[in-house]
Structure formats: C-alpha cells, structure tokens
Amino acid sequence: VHRDVRRELDSIRGRAVEVAHEAGALLSSGFRSTPRSRTKRTAADLVTEFDERSEALVRERLHDAFPDIAIVGEEGGGQRGEGAAFYVDPIDGTSNFAHGHPFFCVSIGLWEHGQPLVGVVHAPEMKLTFAAARGAGVTRNGEPCRVSSTDALERALLGSAPHDHPRAYLALDRSTHGIRRCGAAALEISLVADGGYDGFWDVGLAPWDLAAATLFVTEAGGEVTDLEGRAFTVDAPSVLASNGRLHGLLLTALAHARALPPIDPVT
Ligand code: 2AM
Ligand code: CA
C-alpha cells in the first residue's frame, strides 16, 4: 500500500473508531432499558429504536467526515456506486441487545473495488474494539492481534449457527472442541482474527455483517473464502473465516457434512 494511501486509511480508521465509540455509548445508554422492539422479516428478526438512532448517528458523522464516500446501512439502505462504500451495521446482535445480553456490536467496514480497506467493530458492553486498515494489521483495544495456531480440527473451537444444515453443525460440534453460537456475526468473526475461535462459518449474512470483520481475519494472518472455497466478496452468500492452517480441513469437513441428508429439513 502506497505511503499516502496508508496515511489516508489510518486517518479513516481513526475517525471510524471515534464514530463507533460514540454509537457504542448511545447503545450502552439503551442497554437493559427494555427498548421497544418490533419484528422485521421473521419473528426473531428484531429492530429497536436504538438500531435506528445508532445508524442515523453513524451516517451523519461519516457523511460529515467523508462526504464523497457512499454509505450502505442495514436500517437506512443506500446505494453503493462504483466507488468506495461504508457498510454500517448499527447493532449487530439486535436480539442480544433487546434481551439484555451483552454480545452485540457496531460494525463499520469500508470497501472499494471489491477490496476491504478499513474495518471497525466495537462492542461496548464487552469492552472490545477491533480496528484494521488494509496492510497495517488489526488491533484489539489497541494491541495487535493474531489468529490462533491450532492445526487439528479435533482441537478447534468454532463459531457458527445451525440454521444452514443442522446435521453438519452437530457433526462438527461433536468432532471438535465445540461450536459456539453467540448471535452477532461481526463480533464472532472478529474473534477468529483474535484467536478465540479457530474458525467461523455461516450462510445468508449481509455485507454490513461481514465488511469489517473479514478484513480483520486476513490482516491477522487468517483466511476468508465462501463455503465452496471461492474468493470472498462482501456480497458472498456464505462465509468461512479461519486461522488459515485449518482452512482446507474445514472446507473438506464442511463439504462432507453438508452433503449428508439433513436430520431436520429446514424450509
Ligand atoms: P443482526 O443482529 O444485525 O440482525 C445471528 O442472528 C447473526 O445473523 C447476527 O449477526 C444477525 O445480525 C445476523 N442476521 C440476522 N438476521 C439476518 C438476516 N435476515 N440477514 C442477514 N443477517 C442476519
Ligand atoms: Ca443489525
């Protein structure tokens, strides 16, 4: 990365961290206040007034600082043009937030020409802030972080959810140190970059869930593809993020397990 570009990305990262902290303070003010929630597409797909207020705040601050960069947010929509775009999830883990469970975060990711440039994930109640700029590594609360060195699936701790293929989920749960399902994909993928998880996979996530944290994983020495092993894009229908060493083993194990007949066909 060219020196001037490096400086510009550092400065965008710095501003995005400040904006995420401001949004995080707003979320903390609403946490455990029994915020009103309503459902979106499904009964478990919640949105609260804090999703909307957090997104409005992040949009306003990013627009003031970077008026030429498009903003695509979960609640407010927005078009990405040909150029750079911020993908904003004002609360990833809204169900957790609405229930008083602290595992939720704000996610801001900048992509341009199909490449991630800057990412910030801030989880105010967990007191975790991850930040990265392309080529400059990733930090947790200001300290550099790295993926794990686990090289055997039997010793891996994984993150996922059982909605894609419950039998594949159970097969991996039983043949590893286990699968966790914490309810905020951006924060879970951040844990792969920090070595807490050795791998994470899911299907059907949105660009604002993925834009920031997938950059952390590659900046931390890991690997990100879709579940077929293809190059990851922010619009990918599935994601596999790992410490790199386990990537091939996970792709093979998941392909095998997902080819089994499902126990409980989910429609
Ligand atoms: P959210 O809290 O921003 O909705 C587990 O529920 C994870 O999946 C969370 O990161 C959640 O993000 C995300 N998620 C829930 N419903 C989703 C949907 N319809 N599309 C994409 N991601 C979704
Ligand atoms: Ca959200």
# chains A, B, ... in the order shown; residues from 1 in each chain; ligands from 1

$ closest_atom_pairs --of "range 67-172 of chain A" --to "range 213-222 of chain A" --cutoff "12 Å" --atoms "only C-alpha atoms" --output "JSON lines"
{"residue": "A:Tyr87", "atom": "CA", "partner": "A:Ala213", "partner_atom": "CA", "distance": 11.4}
{"residue": "A:Val88", "atom": "CA", "partner": "A:Ala213", "partner_atom": "CA", "distance": 11.9}
{"residue": "A:Asp89", "atom": "CA", "partner": "A:Ala213", "partner_atom": "CA", "distance": 11.6}
{"residue": "A:Asp92", "atom": "CA", "partner": "A:Ala213", "partner_atom": "CA", "distance": 11.7}
{"residue": "A:Cys105", "atom": "CA", "partner": "A:Ala213", "partner_atom": "CA", "distance": 11.3}
{"residue": "A:Val106", "atom": "CA", "partner": "A:Ala213", "partner_atom": "CA", "distance": 11.1}
{"residue": "A:Ser107", "atom": "CA", "partner": "A:Ala213", "partner_atom": "CA", "distance": 8.0}
{"residue": "A:Ile108", "atom": "CA", "partner": "A:Ala213", "partner_atom": "CA", "distance": 9.0}
{"residue": "A:Gly109", "atom": "CA", "partner": "A:Ala213", "partner_atom": "CA", "distance": 7.9}
{"residue": "A:Leu110", "atom": "CA", "partner": "A:Leu215", "partner_atom": "CA", "distance": 9.7}
{"residue": "A:Trp111", "atom": "CA", "partner": "A:Leu215", "partner_atom": "CA", "distance": 9.7}
{"residue": "A:Gly114", "atom": "CA", "partner": "A:Leu215", "partner_atom": "CA", "distance": 11.9}
{"residue": "A:Gln115", "atom": "CA", "partner": "A:Leu215", "partner_atom": "CA", "distance": 9.0}
{"residue": "A:Pro116", "atom": "CA", "partner": "A:Leu215", "partner_atom": "CA", "distance": 6.0}
{"residue": "A:Leu117", "atom": "CA", "partner": "A:Leu215", "partner_atom": "CA", "distance": 7.6}
{"residue": "A:Val118", "atom": "CA", "partner": "A:Leu215", "partner_atom": "CA", "distance": 7.5}
{"residue": "A:Gly119", "atom": "CA", "partner": "A:Leu215", "partner_atom": "CA", "distance": 6.6}
{"residue": "A:Val120", "atom": "CA", "partner": "A:Ala213", "partner_atom": "CA", "distance": 7.6}
{"residue": "A:Val121", "atom": "CA", "partner": "A:Ala213", "partner_atom": "CA", "distance": 7.1}
{"residue": "A:His122", "atom": "CA", "partner": "A:Ala213", "partner_atom": "CA", "distance": 10.7}
{"residue": "A:Thr129", "atom": "CA", "partner": "A:Ala213", "partner_atom": "CA", "distance": 11.2}
{"residue": "A:Phe130", "atom": "CA", "partner": "A:Phe216", "partner_atom": "CA", "distance": 7.8}
{"residue": "A:Ala131", "atom": "CA", "partner": "A:Phe216", "partner_atom": "CA", "distance": 7.4}
{"residue": "A:Ala132", "atom": "CA", "partner": "A:Phe216", "partner_atom": "CA", "distance": 6.1}
{"residue": "A:Ala133", "atom": "CA", "partner": "A:Leu215", "partner_atom": "CA", "distance": 8.1}
{"residue": "A:Arg134", "atom": "CA", "partner": "A:Glu219", "partner_atom": "CA", "distance": 7.0}
{"residue": "A:Gly135", "atom": "CA", "partner": "A:Glu219", "partner_atom": "CA", "distance": 6.8}
{"residue": "A:Ala136", "atom": "CA", "partner": "A:Glu219", "partner_atom": "CA", "distance": 7.3}
{"residue": "A:Gly137", "atom": "CA", "partner": "A:Glu219", "partner_atom": "CA", "distance": 4.7}
{"residue": "A:Val138", "atom": "CA", "partner": "A:Phe216", "partner_atom": "CA", "distance": 5.7}
{"residue": "A:Thr139", "atom": "CA", "partner": "A:Phe216", "partner_atom": "CA", "distance": 8.4}
{"residue": "A:Arg140", "atom": "CA", "partner": "A:Phe216", "partner_atom": "CA", "distance": 10.0}
{"residue": "A:Glu143", "atom": "CA", "partner": "A:Ala220", "partner_atom": "CA", "distance": 11.9}
{"residue": "A:Pro144", "atom": "CA", "partner": "A:Ala220", "partner_atom": "CA", "distance": 8.4}
{"residue": "A:Cys145", "atom": "CA", "partner": "A:Ala220", "partner_atom": "CA", "distance": 6.3}
{"residue": "A:Arg146", "atom": "CA", "partner": "A:Ala220", "partner_atom": "CA", "distance": 4.5}
{"residue": "A:Val147", "atom": "CA", "partner": "A:Ala220", "partner_atom": "CA", "distance": 5.6}
{"residue": "A:Ser148", "atom": "CA", "partner": "A:Gly222", "partner_atom": "CA", "distance": 8.6}
{"residue": "A:Ser149", "atom": "CA", "partner": "A:Gly222", "partner_atom": "CA", "distance": 9.8}
{"residue": "A:Thr150", "atom": "CA", "partner": "A:Gly222", "partner_atom": "CA", "distance": 11.5}

$ write_last_selection --atoms "C-alpha atoms" --output "PDB file, in the first residue's frame"
ATOM      1  CA  TYR A  87     -21.116  -0.771   5.163  1.00  0.00           C
ATOM      2  CA  VAL A  88     -22.680   0.009   8.523  1.00  0.00           C
ATOM      3  CA  ASP A  89     -24.408  -2.309  10.957  1.00  0.00           C
ATOM      4  CA  ASP A  92     -25.072  -6.475  15.048  1.00  0.00           C
ATOM      5  CA  CYS A 105     -21.516  -4.518  18.425  1.00  0.00           C
ATOM      6  CA  VAL A 106     -21.386  -1.676  15.940  1.00  0.00           C
ATOM      7  CA  SER A 107     -19.658  -2.594  12.667  1.00  0.00           C
ATOM      8  CA  ILE A 108     -18.246  -0.179  10.078  1.00  0.00           C
ATOM      9  CA  GLY A 109     -16.388  -1.502   7.026  1.00  0.00           C
ATOM     10  CA  LEU A 110     -15.011   0.427   4.051  1.00  0.00           C
ATOM     11  CA  TRP A 111     -14.649  -1.410   0.728  1.00  0.00           C
ATOM     12  CA  GLY A 114     -14.137  -5.347  -4.246  1.00  0.00           C
ATOM     13  CA  GLN A 115     -11.385  -4.940  -1.631  1.00  0.00           C
ATOM     14  CA  PRO A 116     -11.714  -4.215   2.092  1.00  0.00           C
ATOM     15  CA  LEU A 117      -9.764  -1.104   3.162  1.00  0.00           C
ATOM     16  CA  VAL A 118     -10.787  -0.256   6.743  1.00  0.00           C
ATOM     17  CA  GLY A 119     -12.807  -2.000   9.458  1.00  0.00           C
ATOM     18  CA  VAL A 120     -14.002  -1.224  12.978  1.00  0.00           C
ATOM     19  CA  VAL A 121     -16.059  -3.455  15.282  1.00  0.00           C
ATOM     20  CA  HIS A 122     -16.886  -2.020  18.705  1.00  0.00           C
ATOM     21  CA  THR A 129     -12.798  -2.681  19.937  1.00  0.00           C
ATOM     22  CA  PHE A 130     -11.216  -4.200  16.843  1.00  0.00           C
ATOM     23  CA  ALA A 131      -9.801  -1.942  14.139  1.00  0.00           C
ATOM     24  CA  ALA A 132      -7.832  -2.523  10.940  1.00  0.00           C
ATOM     25  CA  ALA A 133      -6.566  -0.768   7.858  1.00  0.00           C
ATOM     26  CA  ARG A 134      -5.515  -2.830   4.858  1.00  0.00           C
ATOM     27  CA  GLY A 135      -1.865  -3.852   5.099  1.00  0.00           C
ATOM     28  CA  ALA A 136      -1.438  -2.405   8.598  1.00  0.00           C
ATOM     29  CA  GLY A 137      -2.683  -5.324  10.729  1.00  0.00           C
ATOM     30  CA  VAL A 138      -5.549  -5.451  13.199  1.00  0.00           C
ATOM     31  CA  THR A 139      -5.765  -4.438  16.842  1.00  0.00           C
ATOM     32  CA  ARG A 140      -7.921  -5.393  19.825  1.00  0.00           C
ATOM     33  CA  GLU A 143      -2.930  -4.193  20.864  1.00  0.00           C
ATOM     34  CA  PRO A 144      -2.021  -6.202  17.740  1.00  0.00           C
ATOM     35  CA  CYS A 145      -3.953  -9.456  17.434  1.00  0.00           C
ATOM     36  CA  ARG A 146      -3.291 -12.681  15.558  1.00  0.00           C
ATOM     37  CA  VAL A 147      -5.202 -15.769  14.534  1.00  0.00           C
ATOM     38  CA  SER A 148      -4.669 -19.000  16.511  1.00  0.00           C
ATOM     39  CA  SER A 149      -2.120 -21.651  15.562  1.00  0.00           C
ATOM     40  CA  THR A 150      -4.465 -24.635  16.009  1.00  0.00           C
TER      41      THR A 150
END

$ residues_around --residues "range 185-189 of chain A" --least-positions-apart "2" --cutoff "6 Å" --atoms "only C-alpha atoms" --output "list in words"
Leu191, Val192, Asp209 and Ala213 of chain A

$ residues_around --residues "range 40-52 of chain A" --least-positions-apart "5" --cutoff "9 Å" --atoms "only C-alpha atoms" --output "VMD selection string"
chain A and resid 26 to 27 30 35 57 74 to 76 89 to 92 94 to 95 97 to 98

$ residues_around --residues "Ile263 in chain A" --least-positions-apart "4" --cutoff "12 Å" --atoms "only C-alpha atoms" --output "PyMOL selection string"
chain A and resi 162-171+257-259

$ write_last_selection --atoms "all heavy atoms" --output "mmCIF file, in the first residue's frame"
data_model
loop_
_atom_site.group_PDB
_atom_site.id
_atom_site.type_symbol
_atom_site.label_atom_id
_atom_site.label_comp_id
_atom_site.auth_asym_id
_atom_site.auth_seq_id
_atom_site.Cartn_x
_atom_site.Cartn_y
_atom_site.Cartn_z
ATOM 1 N N PRO A 162 -26.853 -23.203 13.597
ATOM 2 C CA PRO A 162 -27.344 -24.446 12.986
ATOM 3 C C PRO A 162 -28.382 -24.265 11.879
ATOM 4 O O PRO A 162 -28.895 -25.256 11.376
ATOM 5 C CB PRO A 162 -27.951 -25.195 14.176
ATOM 6 C CG PRO A 162 -28.333 -24.133 15.140
ATOM 7 C CD PRO A 162 -27.400 -22.987 14.930
ATOM 8 N N HIS A 163 -28.663 -23.017 11.448
ATOM 9 C CA HIS A 163 -29.793 -22.872 10.518
ATOM 10 C C HIS A 163 -29.514 -23.380 9.100
ATOM 11 O O HIS A 163 -30.423 -23.734 8.390
ATOM 12 C CB HIS A 163 -30.312 -21.426 10.481
ATOM 13 C CG HIS A 163 -29.237 -20.411 10.304
ATOM 14 N ND1 HIS A 163 -28.958 -19.464 11.252
ATOM 15 C CD2 HIS A 163 -28.355 -20.214 9.313
ATOM 16 C CE1 HIS A 163 -27.960 -18.719 10.831
ATOM 17 N NE2 HIS A 163 -27.570 -19.155 9.654
ATOM 18 N N ASP A 164 -28.248 -23.420 8.676
ATOM 19 C CA ASP A 164 -27.951 -23.863 7.312
ATOM 20 C C ASP A 164 -28.194 -25.369 7.188
ATOM 21 O O ASP A 164 -28.990 -25.815 6.366
ATOM 22 C CB ASP A 164 -26.490 -23.524 6.969
ATOM 23 C CG ASP A 164 -25.994 -24.227 5.717
ATOM 24 O OD1 ASP A 164 -26.740 -24.248 4.717
ATOM 25 O OD2 ASP A 164 -24.868 -24.769 5.739
ATOM 26 N N HIS A 165 -27.523 -26.146 8.005
ATOM 27 C CA HIS A 165 -27.586 -27.599 7.876
ATOM 28 C C HIS A 165 -27.370 -28.170 9.275
ATOM 29 O O HIS A 165 -26.220 -28.381 9.699
ATOM 30 C CB HIS A 165 -26.498 -28.065 6.907
ATOM 31 C CG HIS A 165 -26.665 -29.469 6.420
ATOM 32 N ND1 HIS A 165 -26.744 -30.549 7.278
ATOM 33 C CD2 HIS A 165 -26.774 -29.965 5.167
ATOM 34 C CE1 HIS A 165 -26.879 -31.654 6.557
ATOM 35 N NE2 HIS A 165 -26.906 -31.329 5.284
ATOM 36 N N PRO A 166 -28.442 -28.395 10.041
ATOM 37 C CA PRO A 166 -28.289 -28.800 11.438
ATOM 38 C C PRO A 166 -27.406 -30.030 11.629
ATOM 39 O O PRO A 166 -26.641 -30.110 12.585
ATOM 40 C CB PRO A 166 -29.735 -29.079 11.875
ATOM 41 C CG PRO A 166 -30.572 -28.237 10.971
ATOM 42 C CD PRO A 166 -29.841 -28.173 9.661
ATOM 43 N N ARG A 167 -27.473 -30.968 10.700
ATOM 44 C CA ARG A 167 -26.677 -32.191 10.871
ATOM 45 C C ARG A 167 -25.189 -31.901 10.700
ATOM 46 O O ARG A 167 -24.341 -32.470 11.409
ATOM 47 C CB ARG A 167 -27.125 -33.240 9.868
ATOM 48 C CG ARG A 167 -26.459 -34.562 10.087
ATOM 49 C CD ARG A 167 -27.168 -35.610 9.276
ATOM 50 N NE ARG A 167 -26.524 -36.904 9.402
ATOM 51 C CZ ARG A 167 -26.963 -37.967 8.756
ATOM 52 N NH1 ARG A 167 -28.032 -37.883 7.972
ATOM 53 N NH2 ARG A 167 -26.342 -39.115 8.900
ATOM 54 N N ALA A 168 -24.863 -31.020 9.763
ATOM 55 C CA ALA A 168 -23.462 -30.633 9.584
ATOM 56 C C ALA A 168 -22.967 -29.910 10.831
ATOM 57 O O ALA A 168 -21.837 -30.138 11.301
ATOM 58 C CB ALA A 168 -23.317 -29.737 8.347
ATOM 59 N N TYR A 169 -23.813 -29.084 11.388
ATOM 60 C CA TYR A 169 -23.472 -28.346 12.606
ATOM 61 C C TYR A 169 -23.175 -29.331 13.747
ATOM 62 O O TYR A 169 -22.158 -29.220 14.439
ATOM 63 C CB TYR A 169 -24.650 -27.437 12.943
ATOM 64 C CG TYR A 169 -24.492 -26.550 14.157
ATOM 65 C CD1 TYR A 169 -23.992 -25.250 14.029
ATOM 66 C CD2 TYR A 169 -24.877 -26.987 15.423
ATOM 67 C CE1 TYR A 169 -23.874 -24.429 15.136
ATOM 68 C CE2 TYR A 169 -24.761 -26.166 16.531
ATOM 69 C CZ TYR A 169 -24.257 -24.883 16.375
ATOM 70 O OH TYR A 169 -24.145 -24.072 17.468
ATOM 71 N N LEU A 170 -24.054 -30.317 13.930
ATOM 72 C CA LEU A 170 -23.850 -31.297 15.002
ATOM 73 C C LEU A 170 -22.610 -32.144 14.760
ATOM 74 O O LEU A 170 -21.861 -32.454 15.693
ATOM 75 C CB LEU A 170 -25.068 -32.215 15.119
ATOM 76 C CG LEU A 170 -26.271 -31.606 15.821
ATOM 77 C CD1 LEU A 170 -27.436 -32.603 15.813
ATOM 78 C CD2 LEU A 170 -25.919 -31.221 17.252
ATOM 79 N N ALA A 171 -22.363 -32.507 13.498
ATOM 80 C CA ALA A 171 -21.192 -33.330 13.182
ATOM 81 C C ALA A 171 -19.909 -32.582 13.558
ATOM 82 O O ALA A 171 -19.001 -33.157 14.179
ATOM 83 C CB ALA A 171 -21.189 -33.686 11.693
ATOM 84 N N ALA A 257 -19.877 -32.870 5.464
ATOM 85 C CA ALA A 257 -21.002 -32.857 6.414
ATOM 86 C C ALA A 257 -22.259 -32.257 5.783
ATOM 87 O O ALA A 257 -23.376 -32.718 6.045
ATOM 88 C CB ALA A 257 -20.608 -32.081 7.673
ATOM 89 N N ARG A 258 -22.091 -31.235 4.938
ATOM 90 C CA ARG A 258 -23.262 -30.589 4.324
ATOM 91 C C ARG A 258 -23.846 -31.439 3.193
ATOM 92 O O ARG A 258 -24.951 -31.151 2.715
ATOM 93 C CB ARG A 258 -22.905 -29.197 3.811
ATOM 94 C CG ARG A 258 -22.628 -28.200 4.938
ATOM 95 C CD ARG A 258 -22.028 -26.902 4.430
ATOM 96 N NE ARG A 258 -23.023 -25.928 4.020
ATOM 97 C CZ ARG A 258 -23.043 -25.322 2.828
ATOM 98 N NH1 ARG A 258 -22.144 -25.618 1.912
ATOM 99 N NH2 ARG A 258 -23.970 -24.430 2.558
ATOM 100 N N ALA A 259 -23.115 -32.481 2.780
ATOM 101 C CA ALA A 259 -23.659 -33.388 1.766
ATOM 102 C C ALA A 259 -24.506 -34.497 2.396
ATOM 103 O O ALA A 259 -25.214 -35.221 1.698
ATOM 104 C CB ALA A 259 -22.516 -33.996 0.945
#

$ select_by_dssp --residues "range 59-163 of chain A" --states "alpha helix (DSSP H)" --output "list of chain:residue names"
A:Arg59, A:Glu60, A:Arg61, A:Leu62, A:His63, A:Asp64, A:Ala65, A:Thr94, A:Ser95, A:Asn96, A:Phe97, A:Ala98, A:His99

$ write_last_selection --atoms "all heavy atoms" --output "compact mmCIF listing (two decimals), in the first residue's frame"
# COMPACT_ATOMS: atom_id res chain seq x y z
N ARG A 59 -24.24 7.47 10.25
CA ARG A 59 -24.36 8.07 8.92
C ARG A 59 -23.99 9.54 8.93
O ARG A 59 -23.27 10.03 8.05
CB ARG A 59 -25.81 7.98 8.42
CG ARG A 59 -26.16 6.66 7.81
CD ARG A 59 -27.63 6.68 7.37
NE ARG A 59 -27.95 5.40 6.84
CZ ARG A 59 -27.68 5.01 5.58
NH1 ARG A 59 -27.15 5.84 4.71
NH2 ARG A 59 -27.96 3.79 5.20
N GLU A 60 -24.52 10.27 9.92
CA GLU A 60 -24.27 11.71 9.95
C GLU A 60 -22.78 11.99 10.14
O GLU A 60 -22.19 12.80 9.43
CB GLU A 60 -25.09 12.32 11.10
CG GLU A 60 -25.04 13.83 11.14
CD GLU A 60 -25.90 14.38 12.29
OE1 GLU A 60 -27.01 13.82 12.53
OE2 GLU A 60 -25.45 15.34 12.93
N ARG A 61 -22.15 11.27 11.08
CA ARG A 61 -20.72 11.50 11.33
C ARG A 61 -19.86 11.11 10.14
O ARG A 61 -18.91 11.82 9.79
CB ARG A 61 -20.27 10.71 12.56
CG ARG A 61 -20.95 11.10 13.85
CD ARG A 61 -20.51 12.48 14.32
NE ARG A 61 -21.07 12.75 15.64
CZ ARG A 61 -22.26 13.34 15.85
NH1 ARG A 61 -22.99 13.76 14.82
NH2 ARG A 61 -22.70 13.53 17.08
N LEU A 62 -20.15 9.97 9.52
CA LEU A 62 -19.34 9.54 8.37
C LEU A 62 -19.55 10.47 7.19
O LEU A 62 -18.60 10.81 6.48
CB LEU A 62 -19.68 8.09 7.97
CG LEU A 62 -19.26 6.99 8.94
CD1 LEU A 62 -19.70 5.63 8.40
CD2 LEU A 62 -17.74 7.00 9.19
N HIS A 63 -20.81 10.90 7.00
CA HIS A 63 -21.07 11.80 5.88
C HIS A 63 -20.35 13.13 6.06
O HIS A 63 -19.78 13.68 5.12
CB HIS A 63 -22.58 12.01 5.70
CG HIS A 63 -22.87 12.93 4.54
ND1 HIS A 63 -22.76 12.51 3.23
CD2 HIS A 63 -23.21 14.23 4.50
CE1 HIS A 63 -23.03 13.53 2.43
NE2 HIS A 63 -23.31 14.59 3.18
N ASP A 64 -20.35 13.66 7.32
CA ASP A 64 -19.64 14.92 7.58
C ASP A 64 -18.15 14.78 7.29
O ASP A 64 -17.52 15.67 6.73
CB ASP A 64 -19.80 15.33 9.06
CG ASP A 64 -21.20 15.87 9.34
OD1 ASP A 64 -21.95 16.12 8.37
OD2 ASP A 64 -21.54 16.03 10.53
N ALA A 65 -17.56 13.66 7.70
CA ALA A 65 -16.11 13.49 7.57
C ALA A 65 -15.70 13.08 6.15
O ALA A 65 -14.64 13.47 5.68
CB ALA A 65 -15.61 12.45 8.57
N THR A 94 -28.87 -7.58 17.41
CA THR A 94 -30.02 -6.84 17.97
C THR A 94 -30.82 -7.69 18.95
O THR A 94 -31.29 -7.18 19.97
CB THR A 94 -30.95 -6.35 16.84
OG1 THR A 94 -30.20 -5.46 16.02
CG2 THR A 94 -32.15 -5.61 17.39
N SER A 95 -30.97 -8.99 18.67
CA SER A 95 -31.74 -9.83 19.60
C SER A 95 -31.06 -9.85 20.96
O SER A 95 -31.72 -9.74 22.00
CB SER A 95 -31.89 -11.25 19.07
OG SER A 95 -32.60 -11.22 17.86
N ASN A 96 -29.72 -9.99 20.96
CA ASN A 96 -29.00 -9.94 22.22
C ASN A 96 -29.25 -8.61 22.92
O ASN A 96 -29.61 -8.58 24.11
CB ASN A 96 -27.49 -10.11 21.98
CG ASN A 96 -27.12 -11.54 21.63
OD1 ASN A 96 -27.92 -12.46 21.82
ND2 ASN A 96 -25.92 -11.72 21.11
N PHE A 97 -29.05 -7.53 22.19
CA PHE A 97 -29.24 -6.17 22.76
C PHE A 97 -30.62 -6.04 23.39
O PHE A 97 -30.76 -5.57 24.52
CB PHE A 97 -29.05 -5.14 21.64
CG PHE A 97 -29.33 -3.72 22.06
CD1 PHE A 97 -28.38 -3.00 22.78
CD2 PHE A 97 -30.54 -3.12 21.74
CE1 PHE A 97 -28.64 -1.69 23.18
CE2 PHE A 97 -30.80 -1.81 22.14
CZ PHE A 97 -29.85 -1.10 22.86
N ALA A 98 -31.64 -6.47 22.66
CA ALA A 98 -33.01 -6.30 23.13
C ALA A 98 -33.33 -7.16 24.35
O ALA A 98 -34.23 -6.84 25.13
CB ALA A 98 -33.99 -6.60 22.01
N HIS A 99 -32.56 -8.26 24.53
CA HIS A 99 -32.79 -9.14 25.67
C HIS A 99 -31.87 -8.84 26.86
O HIS A 99 -31.93 -9.55 27.87
CB HIS A 99 -32.59 -10.61 25.25
CG HIS A 99 -33.73 -11.15 24.45
ND1 HIS A 99 -34.77 -11.85 25.04
CD2 HIS A 99 -34.02 -11.08 23.14
CE1 HIS A 99 -35.64 -12.20 24.09
NE2 HIS A 99 -35.20 -11.75 22.93
